[in-house]
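Text of the file input14.cif, holding mmCIF, C-alpha atoms:
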data_structure
#
loop_
_atom_site.label_atom_id
_atom_site.label_comp_id
_atom_site.auth_asym_id
_atom_site.auth_seq_id
_atom_site.Cartn_x
_atom_site.Cartn_y
_atom_site.Cartn_z
CA MET A 1 -33.58 -59.99 6.62
CA LEU A 2 -35.83 -56.94 6.89
CA LEU A 3 -38.84 -58.86 5.50
CA GLU A 4 -38.21 -61.77 7.87
CA LYS A 5 -38.18 -59.42 10.85
CA LEU A 6 -41.41 -57.81 9.66
CA LYS A 7 -43.10 -61.21 9.30
CA VAL A 8 -42.13 -62.06 12.88
CA LEU A 9 -43.60 -58.78 14.12
CA LYS A 10 -46.80 -59.34 12.16
CA SER A 11 -47.13 -62.82 13.64
CA ARG A 12 -46.65 -61.40 17.15
CA HIS A 13 -49.29 -58.74 16.45
CA GLU A 14 -51.79 -61.45 15.47
CA GLU A 15 -50.85 -63.51 18.54
CA LEU A 16 -51.48 -60.54 20.86
CA ALA A 17 -54.87 -59.89 19.25
CA ALA A 18 -55.86 -63.53 19.84
CA LEU A 19 -54.64 -63.54 23.45
CA MET A 20 -56.49 -60.34 24.34
CA SER A 21 -59.73 -61.54 22.73
CA GLN A 22 -59.73 -64.76 24.80
CA GLY A 23 -60.15 -62.91 28.10
CA GLY A 24 -58.99 -64.21 31.47
CA LEU A 25 -56.05 -61.78 31.69
CA ASP A 26 -55.48 -59.68 34.79
CA GLY A 27 -55.36 -55.90 34.41
CA THR A 28 -51.57 -55.64 34.44
CA ALA A 29 -51.05 -58.32 31.79
CA PHE A 30 -53.83 -56.92 29.59
CA ASN A 31 -52.40 -53.37 29.77
CA LYS A 32 -48.93 -54.64 28.94
CA MET A 33 -50.24 -56.55 25.90
CA SER A 34 -52.35 -53.58 24.82
CA ARG A 35 -49.30 -51.31 24.81
CA GLU A 36 -47.26 -53.84 22.84
CA TYR A 37 -50.14 -54.31 20.37
CA ALA A 38 -50.50 -50.54 19.91
CA ASP A 39 -46.73 -50.16 19.36
CA LEU A 40 -46.75 -52.90 16.70
CA SER A 41 -49.89 -51.69 14.88
CA PRO A 42 -48.21 -48.92 12.79
CA VAL A 43 -45.46 -51.36 11.74
CA VAL A 44 -47.97 -54.02 10.71
CA GLU A 45 -50.15 -51.53 8.85
CA ALA A 46 -47.12 -50.26 6.89
CA PHE A 47 -46.03 -53.84 6.16
CA GLU A 48 -49.49 -54.84 4.95
CA THR A 49 -49.58 -51.81 2.64
CA TYR A 50 -46.17 -52.83 1.30
CA GLU A 51 -47.25 -56.46 0.79
CA LYS A 52 -50.45 -55.34 -0.93
CA SER A 53 -48.43 -53.19 -3.35
CA LEU A 54 -46.14 -56.10 -4.20
CA LYS A 55 -49.12 -58.38 -4.84
CA GLU A 56 -50.82 -55.76 -7.03
CA MET A 57 -47.59 -55.36 -9.01
CA ASP A 58 -47.47 -59.14 -9.61
CA ASP A 59 -51.10 -59.12 -10.76
CA LEU A 60 -50.50 -56.14 -13.06
CA GLN A 61 -47.41 -57.77 -14.52
CA ALA A 62 -49.55 -60.81 -15.44
CA MET A 63 -52.14 -58.52 -17.04
CA MET A 64 -49.51 -56.97 -19.31
CA SER A 65 -49.60 -60.11 -21.47
CA ASP A 66 -53.14 -59.14 -22.46
CA PRO A 67 -52.86 -56.66 -25.39
CA GLU A 68 -56.13 -54.96 -24.43
CA MET A 69 -55.06 -54.41 -20.82
CA LYS A 70 -51.33 -53.80 -21.38
CA ASP A 71 -51.35 -49.97 -21.43
CA ILE A 72 -53.51 -49.63 -18.31
CA ALA A 73 -51.61 -52.36 -16.47
CA GLU A 74 -48.22 -50.83 -17.33
CA SER A 75 -49.32 -47.39 -16.15
CA GLU A 76 -50.55 -48.70 -12.79
CA TYR A 77 -47.54 -51.02 -12.41
CA TYR A 78 -44.96 -48.26 -12.81
CA ALA A 79 -46.95 -45.93 -10.54
CA LEU A 80 -46.78 -48.56 -7.79
CA LYS A 81 -43.11 -49.26 -8.51
CA GLU A 82 -42.31 -45.55 -8.20
CA ASN A 83 -43.99 -45.47 -4.77
CA LEU A 84 -42.20 -48.58 -3.50
CA PRO A 85 -39.04 -46.83 -2.14
CA GLU A 86 -41.25 -44.50 -0.05
CA LEU A 87 -43.11 -47.51 1.40
CA GLU A 88 -39.79 -49.22 2.18
CA HIS A 89 -38.53 -46.05 3.88
CA ARG A 90 -41.69 -45.87 6.01
CA LEU A 91 -41.19 -49.50 7.02
CA LYS A 92 -37.63 -48.84 8.11
CA LEU A 93 -38.73 -45.82 10.14
CA CYS A 94 -41.27 -48.03 11.91
CA LEU A 95 -38.49 -50.44 12.84
CA ILE A 96 -36.34 -47.80 14.53
CA PRO A 97 -36.17 -48.75 18.23
CA LYS A 98 -38.42 -46.41 20.18
CA ASP A 99 -37.04 -44.24 22.94
CA GLU A 100 -39.31 -45.09 25.85
CA ALA A 101 -39.00 -41.53 27.13
CA ASP A 102 -40.23 -39.90 23.90
CA ALA A 103 -43.92 -39.86 24.85
CA ARG A 104 -43.23 -38.36 28.26
CA ASN A 105 -43.75 -34.85 29.53
CA ALA A 106 -40.60 -32.89 30.24
CA ILE A 107 -38.94 -30.54 32.68
CA LEU A 108 -37.07 -27.72 30.97
CA GLU A 109 -34.20 -26.01 32.78
CA ILE A 110 -32.66 -22.78 31.47
CA ARG A 111 -29.62 -21.25 33.16
CA ALA A 112 -27.69 -18.09 32.39
CA GLY A 113 -24.08 -18.88 31.47
CA THR A 114 -21.20 -16.56 30.70
CA GLY A 115 -22.16 -12.93 30.15
CA GLY A 116 -23.58 -11.66 33.44
CA ASP A 117 -26.84 -9.68 33.14
CA GLU A 118 -26.91 -10.11 29.36
CA ALA A 119 -26.77 -13.91 29.75
CA ALA A 120 -29.72 -13.71 32.16
CA LEU A 121 -31.68 -11.59 29.65
CA PHE A 122 -30.91 -14.16 26.94
CA ALA A 123 -32.11 -16.95 29.27
CA ALA A 124 -35.40 -15.01 29.54
CA ASP A 125 -35.55 -14.79 25.72
CA LEU A 126 -35.10 -18.58 25.47
CA PHE A 127 -37.86 -19.01 28.05
CA THR A 128 -40.15 -16.88 25.86
CA MET A 129 -39.16 -18.90 22.78
CA TYR A 130 -40.04 -22.24 24.38
CA LYS A 131 -43.22 -20.82 25.91
CA GLY A 132 -44.29 -19.66 22.44
CA TYR A 133 -43.47 -23.05 20.92
CA ALA A 134 -45.42 -24.83 23.68
CA ALA A 135 -48.46 -22.61 23.07
CA LEU A 136 -48.40 -23.41 19.34
CA ARG A 137 -48.43 -27.13 20.11
CA GLY A 138 -51.13 -26.86 22.76
CA TRP A 139 -48.80 -27.83 25.62
CA SER A 140 -49.12 -26.55 29.18
CA PHE A 141 -46.12 -24.58 30.46
CA THR A 142 -45.84 -24.26 34.25
CA VAL A 143 -42.95 -22.57 36.06
CA LEU A 144 -41.55 -24.66 38.91
CA GLU A 145 -38.84 -22.37 40.18
CA SER A 146 -37.05 -19.25 39.00
CA SER A 147 -34.42 -16.77 40.02
CA GLU A 148 -34.57 -13.33 38.38
CA ASN A 149 -32.10 -10.47 38.21
CA ASP A 150 -33.04 -6.80 38.57
CA LEU A 151 -33.38 -6.35 34.78
CA GLY A 152 -36.04 -9.03 34.35
CA GLY A 153 -33.65 -11.72 33.16
CA PHE A 154 -33.41 -15.22 34.61
CA LYS A 155 -30.35 -16.52 36.40
CA GLN A 156 -32.16 -19.81 36.09
CA ILE A 157 -35.69 -21.05 35.55
CA SER A 158 -37.27 -24.51 35.57
CA VAL A 159 -40.54 -25.31 33.78
CA GLU A 160 -42.86 -28.32 33.68
CA VAL A 161 -44.12 -28.96 30.12
CA HIS A 162 -47.12 -31.25 29.60
CA GLY A 163 -48.66 -32.37 26.32
CA THR A 164 -48.31 -34.82 23.45
CA ASP A 165 -44.80 -36.08 22.58
CA VAL A 166 -43.18 -33.27 24.57
CA PHE A 167 -39.86 -34.94 25.33
CA SER A 168 -39.45 -36.35 21.81
CA ARG A 169 -39.60 -32.82 20.39
CA LEU A 170 -37.62 -30.95 23.05
CA LYS A 171 -34.85 -33.42 23.88
CA PHE A 172 -32.54 -32.06 21.17
CA GLU A 173 -32.62 -28.60 22.82
CA SER A 174 -30.25 -29.67 25.60
CA GLY A 175 -26.91 -27.92 25.37
CA ALA A 176 -25.28 -24.49 25.29
CA HIS A 177 -27.09 -21.74 23.37
CA ARG A 178 -24.96 -18.73 22.37
CA VAL A 179 -26.15 -15.20 21.56
CA GLN A 180 -24.33 -12.45 19.66
CA ARG A 181 -25.85 -8.98 20.00
CA VAL A 182 -25.48 -5.51 21.51
CA PRO A 183 -26.63 -5.86 25.12
CA LYS A 184 -29.12 -3.42 26.62
CA THR A 185 -26.49 -2.77 29.26
CA GLU A 186 -23.83 -1.80 26.67
CA ALA A 187 -23.55 1.95 26.13
CA SER A 188 -20.88 1.86 23.39
CA GLY A 189 -22.89 -0.34 21.01
CA ARG A 190 -20.34 -3.19 20.89
CA ILE A 191 -21.52 -6.70 20.05
CA HIS A 192 -21.09 -9.15 22.93
CA THR A 193 -21.24 -12.93 23.03
CA SER A 194 -23.12 -14.50 25.91
CA ALA A 195 -24.54 -17.93 26.61
CA ALA A 196 -27.25 -19.86 28.40
CA THR A 197 -27.57 -23.59 28.92
CA VAL A 198 -30.71 -25.65 28.42
CA ALA A 199 -31.42 -29.07 29.90
CA VAL A 200 -34.49 -31.14 29.02
CA LEU A 201 -35.42 -33.93 31.42
CA PRO A 202 -38.01 -36.65 30.73
CA GLU A 203 -40.57 -36.39 33.52
CA ALA A 204 -40.54 -39.46 35.74
CA GLU A 205 -43.40 -41.20 37.51
CA GLU A 206 -43.33 -42.81 40.94
CA VAL A 207 -42.98 -46.30 39.44
CA ASP A 208 -39.81 -45.25 37.57
CA ILE A 209 -37.68 -44.30 40.53
CA GLU A 210 -37.87 -45.46 44.14
CA ILE A 211 -37.00 -42.67 46.57
CA LEU A 212 -36.72 -43.45 50.29
CA ASP A 213 -37.67 -40.83 52.87
CA LYS A 214 -34.47 -41.52 54.80
CA ASP A 215 -32.49 -40.42 51.73
CA LEU A 216 -34.08 -36.97 51.65
CA LYS A 217 -33.24 -33.69 53.36
CA VAL A 218 -36.19 -31.29 53.09
CA ASP A 219 -35.87 -27.56 53.80
CA THR A 220 -38.54 -24.87 53.66
CA PHE A 221 -37.95 -21.18 52.97
CA ARG A 222 -39.75 -18.09 51.74
CA SER A 223 -40.21 -17.60 48.00
CA GLN A 224 -38.08 -14.84 46.59
CA GLY A 225 -38.54 -12.44 43.70
CA ALA A 226 -36.07 -10.37 41.69
CA GLY A 227 -33.09 -9.13 43.65
CA GLY A 228 -33.79 -11.55 46.48
CA GLN A 229 -36.89 -9.81 47.81
CA HIS A 230 -39.38 -12.02 49.63
CA VAL A 231 -42.67 -12.39 47.79
CA ASN A 232 -44.38 -14.69 50.30
CA THR A 233 -44.82 -14.20 54.04
CA THR A 234 -44.85 -17.95 54.74
CA ASP A 235 -42.18 -20.62 54.30
CA SER A 236 -43.94 -22.29 51.35
CA ALA A 237 -40.91 -22.84 49.10
CA ILE A 238 -39.34 -26.30 49.21
CA ARG A 239 -35.76 -27.47 48.75
CA ILE A 240 -35.14 -31.23 48.62
CA THR A 241 -31.68 -32.78 48.67
CA HIS A 242 -31.26 -36.41 47.62
CA ILE A 243 -28.48 -37.41 49.99
CA PRO A 244 -27.06 -40.45 48.07
CA THR A 245 -26.55 -38.49 44.83
CA GLY A 246 -26.33 -34.89 46.08
CA VAL A 247 -29.05 -33.82 43.62
CA VAL A 248 -30.89 -30.70 44.83
CA VAL A 249 -34.22 -29.33 43.58
CA GLU A 250 -36.20 -26.27 44.59
CA VAL A 251 -39.83 -25.32 43.88
CA GLN A 252 -41.35 -22.05 45.03
CA GLU A 253 -44.01 -21.02 42.52
CA GLU A 254 -47.05 -22.31 44.44
CA ARG A 255 -48.31 -20.61 47.61
CA SER A 256 -49.00 -24.03 49.12
CA GLN A 257 -46.08 -25.85 50.73
CA HIS A 258 -47.86 -29.15 50.03
CA LYS A 259 -48.13 -28.41 46.29
CA ASN A 260 -44.54 -27.24 46.11
CA ARG A 261 -43.37 -30.42 47.81
CA ALA A 262 -45.33 -32.62 45.36
CA LYS A 263 -43.82 -30.75 42.41
CA ALA A 264 -40.35 -30.90 43.95
CA MET A 265 -40.63 -34.68 44.27
CA THR A 266 -41.62 -34.95 40.58
CA TYR A 267 -38.67 -32.71 39.70
CA LEU A 268 -36.28 -34.82 41.80
CA ARG A 269 -37.57 -38.07 40.33
CA SER A 270 -37.08 -36.67 36.84
CA LYS A 271 -33.49 -35.64 37.55
CA LEU A 272 -32.66 -39.11 38.85
CA TYR A 273 -34.51 -40.80 35.98
CA GLU A 274 -32.73 -38.60 33.45
CA ALA A 275 -29.34 -39.82 34.71
CA GLN A 276 -30.44 -43.42 34.01
CA TRP A 277 -31.91 -42.48 30.63
CA ARG A 278 -28.77 -40.61 29.58
CA LYS A 279 -26.54 -43.58 30.46
CA GLN A 280 -28.80 -45.84 28.37
CA GLN A 281 -28.67 -43.41 25.44
CA GLU A 282 -24.88 -43.21 25.58
CA GLU A 283 -24.64 -47.00 25.46
CA MET A 284 -27.09 -47.19 22.54
CA SER A 285 -25.34 -44.47 20.55
CA ALA A 286 -21.75 -45.52 21.28
CA ASN A 287 -21.19 -46.49 17.64
CA ARG A 288 -23.39 -43.82 16.09
CA LYS A 289 -21.74 -40.98 14.21
CA SER A 290 -24.58 -38.57 14.98
CA GLN A 291 -24.67 -37.43 18.57
CA VAL A 292 -27.57 -35.03 18.08
CA GLY A 293 -29.49 -36.49 20.98
CA SER A 294 -26.59 -36.67 23.42
CA GLY A 295 -27.73 -33.55 25.25
CA ASP A 296 -24.26 -32.69 26.51
CA ARG A 297 -24.89 -29.41 28.31
CA SER A 298 -21.36 -28.15 27.65
CA GLU A 299 -21.76 -28.64 23.89
CA ARG A 300 -22.46 -25.44 21.93
CA ILE A 301 -25.47 -26.41 19.88
CA ARG A 302 -26.88 -23.16 18.50
CA THR A 303 -25.90 -19.53 17.88
CA TYR A 304 -28.41 -16.67 17.70
CA ASN A 305 -26.85 -13.74 15.82
CA PHE A 306 -29.07 -10.67 16.22
CA PRO A 307 -27.17 -8.17 13.98
CA GLN A 308 -27.44 -10.55 11.01
CA GLY A 309 -30.87 -11.93 11.96
CA ARG A 310 -29.69 -15.51 11.71
CA VAL A 311 -29.77 -18.65 13.83
CA THR A 312 -27.35 -21.53 13.24
CA ASP A 313 -27.59 -25.06 14.62
CA HIS A 314 -24.02 -26.36 14.65
CA ARG A 315 -24.90 -30.05 14.94
CA ILE A 316 -26.61 -30.21 11.55
CA ASN A 317 -24.98 -27.13 9.96
CA MET A 318 -28.38 -25.50 9.45
CA THR A 319 -28.86 -21.72 9.31
CA LEU A 320 -32.15 -19.82 9.18
CA TYR A 321 -32.39 -16.09 8.50
CA SER A 322 -35.61 -15.78 10.46
CA LEU A 323 -34.39 -14.97 13.95
CA GLU A 324 -37.57 -13.17 15.04
CA ASP A 325 -39.72 -16.17 14.08
CA VAL A 326 -37.39 -18.54 15.92
CA MET A 327 -37.33 -16.38 19.07
CA SER A 328 -41.13 -16.21 19.07
CA GLY A 329 -41.26 -20.03 19.01
CA LYS A 330 -42.93 -20.16 15.60
CA GLY A 331 -39.72 -20.77 13.65
CA LEU A 332 -38.22 -23.19 16.17
CA ASN A 333 -40.11 -26.11 14.64
CA GLU A 334 -37.92 -26.03 11.51
CA PHE A 335 -34.86 -26.83 13.61
CA ILE A 336 -36.69 -29.47 15.65
CA GLU A 337 -37.99 -31.26 12.54
CA ALA A 338 -34.51 -31.22 10.97
CA LEU A 339 -32.92 -32.57 14.15
CA ILE A 340 -35.48 -35.38 14.39
CA ALA A 341 -34.86 -36.26 10.71
CA ASP A 342 -31.09 -36.30 11.29
CA ASP A 343 -31.48 -38.59 14.29
CA GLN A 344 -33.78 -40.91 12.33
CA ALA A 345 -31.25 -41.08 9.49
CA ALA A 346 -28.53 -42.11 11.94
CA ARG A 347 -30.76 -44.78 13.47
CA LEU A 348 -31.74 -46.05 10.03
CA ALA A 349 -28.07 -46.40 9.17
CA GLU A 350 -27.70 -48.66 12.22
CA ILE A 351 -30.62 -50.86 11.10
CA GLU A 352 -29.23 -51.14 7.56
CA GLY A 353 -25.84 -52.06 8.98
#

How does the structure come out when it is put into structure tokens?
Amino acid sequence: MLLEKLKVLKSRHEELAALMSQGGLDGTAFNKMSREYADLSPVVEAFETYEKSLKEMDDLQAMMSDPEMKDIAESEYYALKENLPELEHRLKLCLIPKDEADARNAILEIRAGTGGDEAALFAADLFTMYKGYAALRGWSFTVLESSENDLGGFKQISVEVHGTDVFSRLKFESGAHRVQRVPKTEASGRIHTSAATVAVLPEAEEVDIEILDKDLKVDTFRSQGAGGQHVNTTDSAIRITHIPTGVVVEVQEERSQHKNRAKAMTYLRSKLYEAQWRKQQEEMSANRKSQVGSGDRSERIRTYNFPQGRVTDHRINMTLYSLEDVMSGKGLNEFIEALIADDQAARLAEIEG
């Protein structure tokens, strides 16, 4: 069944190549075919490599009947045979249905949870962690809106992250992050447990979501710094309320009201798009044991234990004793790679039935 599906995809790949080479297509049709062709290319390349290996094995098996060639043929045959499971695994990975949102940029929201000032300080630590990770991957990291406390922590902060495969790598970060440590505000040296929540939204484009002006309530106000002090003398900050859904976004980081409004609209679109995306994901994963990508913000996904220098991801039961590396962003990739692999394994199980 797997080979039959692959043959159909290869045939479609060849058909698209022929159609695009003929010309006469309008821009929209050509772009649509180009995207489909590009999506199929890795699958076809992997399938052709697999087919080539099978053919070479057949040829080598025939050569084994020749006494002079037997030893060489056997050596090459078993080398190819040993590599076959890896080729099959690659093929199956190529067949995993793609999440359309994976290639998108993302909006990252971090909010202090239980724990007062300590939770806000932890939210700032998470912000630093993701900023460090973004820098390592060459992503841009632009603050949209933030609310600080007097200690330099964040009650909440929203960031626009642009780069390659941003959402595919950050989407598993959605959820509740818990910290265990002695707070700076604690005089007696007792360990406290605090929390912050992270939400990762796929960034939407205008074509994804239609937003009518009549459905919007737009307010302007002055940007505020820590403790509520005004940092701008003009009403450049923007708050937009989407009346049908009650979704509210604020952007205040730019000095230009026009720029803040444009960013607020992108933010709003992304929030509305994310609701659609999440519903689709829930339907797709209804029968899947692994819910790694569910992004339930109430779900405790990770604990950062400072006294023991360890970080544990509860979804995949993975613990690293490299807390400093993780908090700098450098060590975060180990968790992200493991979460992606776990999700792929669950999706492969679906394909294999």

Task: Expansion of the PyMOL selection byres ((chain A and resi 81) around 12) into residues, as a PyMOL selection string - done: chain A and resi 50+53-58+60-61+74-80+82-88

Which protein, DNA or RNA residues are at most 10 Å from (-47.2, -54.9, 16.4) in the file's coordinates when you count only C-alpha atoms, listed as a PDB file with C-alpha atoms, in the frame of the given file?
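Listed below is the output, out-v3.pdb:
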ATOM      1  CA  LEU A   6     -41.410 -57.810   9.660  1.00  0.00           C
ATOM      2  CA  VAL A   8     -42.130 -62.060  12.880  1.00  0.00           C
ATOM      3  CA  LEU A   9     -43.600 -58.780  14.120  1.00  0.00           C
ATOM      4  CA  LYS A  10     -46.800 -59.340  12.160  1.00  0.00           C
ATOM      5  CA  SER A  11     -47.130 -62.820  13.640  1.00  0.00           C
ATOM      6  CA  ARG A  12     -46.650 -61.400  17.150  1.00  0.00           C
ATOM      7  CA  HIS A  13     -49.290 -58.740  16.450  1.00  0.00           C
ATOM      8  CA  GLU A  14     -51.790 -61.450  15.470  1.00  0.00           C
ATOM      9  CA  GLU A  15     -50.850 -63.510  18.540  1.00  0.00           C
ATOM     10  CA  LEU A  16     -51.480 -60.540  20.860  1.00  0.00           C
ATOM     11  CA  ALA A  17     -54.870 -59.890  19.250  1.00  0.00           C
ATOM     12  CA  SER A  34     -52.350 -53.580  24.820  1.00  0.00           C
ATOM     13  CA  ARG A  35     -49.300 -51.310  24.810  1.00  0.00           C
ATOM     14  CA  GLU A  36     -47.260 -53.840  22.840  1.00  0.00           C
ATOM     15  CA  TYR A  37     -50.140 -54.310  20.370  1.00  0.00           C
ATOM     16  CA  ALA A  38     -50.500 -50.540  19.910  1.00  0.00           C
ATOM     17  CA  ASP A  39     -46.730 -50.160  19.360  1.00  0.00           C
ATOM     18  CA  LEU A  40     -46.750 -52.900  16.700  1.00  0.00           C
ATOM     19  CA  SER A  41     -49.890 -51.690  14.880  1.00  0.00           C
ATOM     20  CA  PRO A  42     -48.210 -48.920  12.790  1.00  0.00           C
ATOM     21  CA  VAL A  43     -45.460 -51.360  11.740  1.00  0.00           C
ATOM     22  CA  VAL A  44     -47.970 -54.020  10.710  1.00  0.00           C
ATOM     23  CA  GLU A  45     -50.150 -51.530   8.850  1.00  0.00           C
TER      24      GLU A  45
END

Using the file's own x, y and z axes, what box holds all listed atoms of stretch 51-69 of chain A with 6 Å on each side, keeping edges along x, y and z, and what are its centre and edge lengths in Å to one decimal, as lines of an AutoDock Vina configuration file?
center_x = -51.1
center_y = -57.0
center_z = -12.3
size_x = 22.0
size_y = 19.6
size_z = 38.2

Within 10 Å of A:Gln180 using only C-alpha atoms, minus same-chain residues under 6 positions, as a PDB file with C-alpha atoms, keeping the file's coordinate frame:
ATOM      1  CA  PHE A 122     -30.910 -14.160  26.940  1.00  0.00           C
ATOM      2  CA  ILE A 191     -21.520  -6.700  20.050  1.00  0.00           C
ATOM      3  CA  HIS A 192     -21.090  -9.150  22.930  1.00  0.00           C
ATOM      4  CA  THR A 193     -21.240 -12.930  23.030  1.00  0.00           C
ATOM      5  CA  SER A 194     -23.120 -14.500  25.910  1.00  0.00           C
ATOM      6  CA  ALA A 195     -24.540 -17.930  26.610  1.00  0.00           C
ATOM      7  CA  THR A 303     -25.900 -19.530  17.880  1.00  0.00           C
ATOM      8  CA  TYR A 304     -28.410 -16.670  17.700  1.00  0.00           C
ATOM      9  CA  ASN A 305     -26.850 -13.740  15.820  1.00  0.00           C
ATOM     10  CA  PHE A 306     -29.070 -10.670  16.220  1.00  0.00           C
ATOM     11  CA  PRO A 307     -27.170  -8.170  13.980  1.00  0.00           C
ATOM     12  CA  GLN A 308     -27.440 -10.550  11.010  1.00  0.00           C
TER      13      GLN A 308
END

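Across the model, the gap from atom CA of A:Ile157 to atom CA of A:Glu203 is 16.2 Å.
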
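Between A:Ala204 and the residues A:Val182, A:Val218, A:Ala264, A:Leu93, the shortest atom-to-atom distance, using only C-alpha atoms, involves A:Ala264.
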
Task: Resolved residues for the PyMOL selection byres ((chain A and resi 322) around 8) as JSON, numbers by chain - done: {"A": [309, 310, 311, 320, 321, 323, 324, 325, 326, 331]}

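Take atom CA of A:Met327 and atom CA of A:Leu126: the distance between them is 7.1 Å.
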
Open item on the list: Expand the PyMOL selection byres ((chain A and resi 335) around 12) into the explicit residue set it covers here, and present it as a ChimeraX atom specification.
Closed with: /A:133,169-170,172-173,292,301-302,311-320,322-323,325-326,329-334,336-342

Written selection (C-alpha atoms) as a PDB file, in the frame of the given file:
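selection_33.pdb written:
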ATOM      1  CA  TYR A 133     -43.470 -23.050  20.920  1.00  0.00           C
ATOM      2  CA  ARG A 169     -39.600 -32.820  20.390  1.00  0.00           C
ATOM      3  CA  LEU A 170     -37.620 -30.950  23.050  1.00  0.00           C
ATOM      4  CA  PHE A 172     -32.540 -32.060  21.170  1.00  0.00           C
ATOM      5  CA  GLU A 173     -32.620 -28.600  22.820  1.00  0.00           C
ATOM      6  CA  VAL A 292     -27.570 -35.030  18.080  1.00  0.00           C
ATOM      7  CA  ILE A 301     -25.470 -26.410  19.880  1.00  0.00           C
ATOM      8  CA  ARG A 302     -26.880 -23.160  18.500  1.00  0.00           C
ATOM      9  CA  VAL A 311     -29.770 -18.650  13.830  1.00  0.00           C
ATOM     10  CA  THR A 312     -27.350 -21.530  13.240  1.00  0.00           C
ATOM     11  CA  ASP A 313     -27.590 -25.060  14.620  1.00  0.00           C
ATOM     12  CA  HIS A 314     -24.020 -26.360  14.650  1.00  0.00           C
ATOM     13  CA  ARG A 315     -24.900 -30.050  14.940  1.00  0.00           C
ATOM     14  CA  ILE A 316     -26.610 -30.210  11.550  1.00  0.00           C
ATOM     15  CA  ASN A 317     -24.980 -27.130   9.960  1.00  0.00           C
ATOM     16  CA  MET A 318     -28.380 -25.500   9.450  1.00  0.00           C
ATOM     17  CA  THR A 319     -28.860 -21.720   9.310  1.00  0.00           C
ATOM     18  CA  LEU A 320     -32.150 -19.820   9.180  1.00  0.00           C
ATOM     19  CA  SER A 322     -35.610 -15.780  10.460  1.00  0.00           C
ATOM     20  CA  LEU A 323     -34.390 -14.970  13.950  1.00  0.00           C
ATOM     21  CA  ASP A 325     -39.720 -16.170  14.080  1.00  0.00           C
ATOM     22  CA  VAL A 326     -37.390 -18.540  15.920  1.00  0.00           C
ATOM     23  CA  GLY A 329     -41.260 -20.030  19.010  1.00  0.00           C
ATOM     24  CA  LYS A 330     -42.930 -20.160  15.600  1.00  0.00           C
ATOM     25  CA  GLY A 331     -39.720 -20.770  13.650  1.00  0.00           C
ATOM     26  CA  LEU A 332     -38.220 -23.190  16.170  1.00  0.00           C
ATOM     27  CA  ASN A 333     -40.110 -26.110  14.640  1.00  0.00           C
ATOM     28  CA  GLU A 334     -37.920 -26.030  11.510  1.00  0.00           C
ATOM     29  CA  ILE A 336     -36.690 -29.470  15.650  1.00  0.00           C
ATOM     30  CA  GLU A 337     -37.990 -31.260  12.540  1.00  0.00           C
ATOM     31  CA  ALA A 338     -34.510 -31.220  10.970  1.00  0.00           C
ATOM     32  CA  LEU A 339     -32.920 -32.570  14.150  1.00  0.00           C
ATOM     33  CA  ILE A 340     -35.480 -35.380  14.390  1.00  0.00           C
ATOM     34  CA  ALA A 341     -34.860 -36.260  10.710  1.00  0.00           C
ATOM     35  CA  ASP A 342     -31.090 -36.300  11.290  1.00  0.00           C
TER      36      ASP A 342
END

TODO: Mind checking which residues fall within 10 Å of A:Asn260, counting all atoms listed in the file, ignoring those fewer than 6 positions away in the same chain, and posting them as a list of chain:residue names?
DONE: A:Leu144, A:Glu145, A:Thr220, A:Ser236, A:Ala237, A:Ile238, A:Arg239, A:Glu250, A:Val251, A:Gln252, A:Glu253, A:Glu254, A:Thr266

Written selection (C-alpha atoms) as a PDB file, in the frame of the given file:
ATOM      1  CA  LEU A 144     -41.550 -24.660  38.910  1.00  0.00           C
ATOM      2  CA  GLU A 145     -38.840 -22.370  40.180  1.00  0.00           C
ATOM      3  CA  THR A 220     -38.540 -24.870  53.660  1.00  0.00           C
ATOM      4  CA  SER A 236     -43.940 -22.290  51.350  1.00  0.00           C
ATOM      5  CA  ALA A 237     -40.910 -22.840  49.100  1.00  0.00           C
ATOM      6  CA  ILE A 238     -39.340 -26.300  49.210  1.00  0.00           C
ATOM      7  CA  ARG A 239     -35.760 -27.470  48.750  1.00  0.00           C
ATOM      8  CA  GLU A 250     -36.200 -26.270  44.590  1.00  0.00           C
ATOM      9  CA  VAL A 251     -39.830 -25.320  43.880  1.00  0.00           C
ATOM     10  CA  GLN A 252     -41.350 -22.050  45.030  1.00  0.00           C
ATOM     11  CA  GLU A 253     -44.010 -21.020  42.520  1.00  0.00           C
ATOM     12  CA  GLU A 254     -47.050 -22.310  44.440  1.00  0.00           C
ATOM     13  CA  THR A 266     -41.620 -34.950  40.580  1.00  0.00           C
TER      14      THR A 266
END

As an mmCIF file with C-alpha atoms, in the coordinates of the input, please: the residues near A:Ala196 (cut-off 6 Å, all atoms listed in the file, same-chain neighbours under 5 positions excluded).
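And here's result.cif as it stands now:
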data_model
loop_
_atom_site.group_PDB
_atom_site.id
_atom_site.type_symbol
_atom_site.label_atom_id
_atom_site.label_comp_id
_atom_site.auth_asym_id
_atom_site.auth_seq_id
_atom_site.Cartn_x
_atom_site.Cartn_y
_atom_site.Cartn_z
ATOM 1 C CA ARG A 111 -29.620 -21.250 33.160
ATOM 2 C CA ALA A 112 -27.690 -18.090 32.390
ATOM 3 C CA GLY A 113 -24.080 -18.880 31.470
ATOM 4 C CA ALA A 123 -32.110 -16.950 29.270
ATOM 5 C CA ALA A 176 -25.280 -24.490 25.290
ATOM 6 C CA HIS A 177 -27.090 -21.740 23.370
#

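Comparing A:Gln344, A:Ala120, A:Asp102, A:His242 by their smallest distance to A:Asp150, the closest is A:Ala120 (using only C-alpha atoms).
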
- [ ] Name the closest residue to A:Leu272 among the candidates A:Gly246, A:Gly23, A:Gly175, A:Gly138; distances are taken between atoms, counting all atoms listed in the file.
- [x] A:Gly246
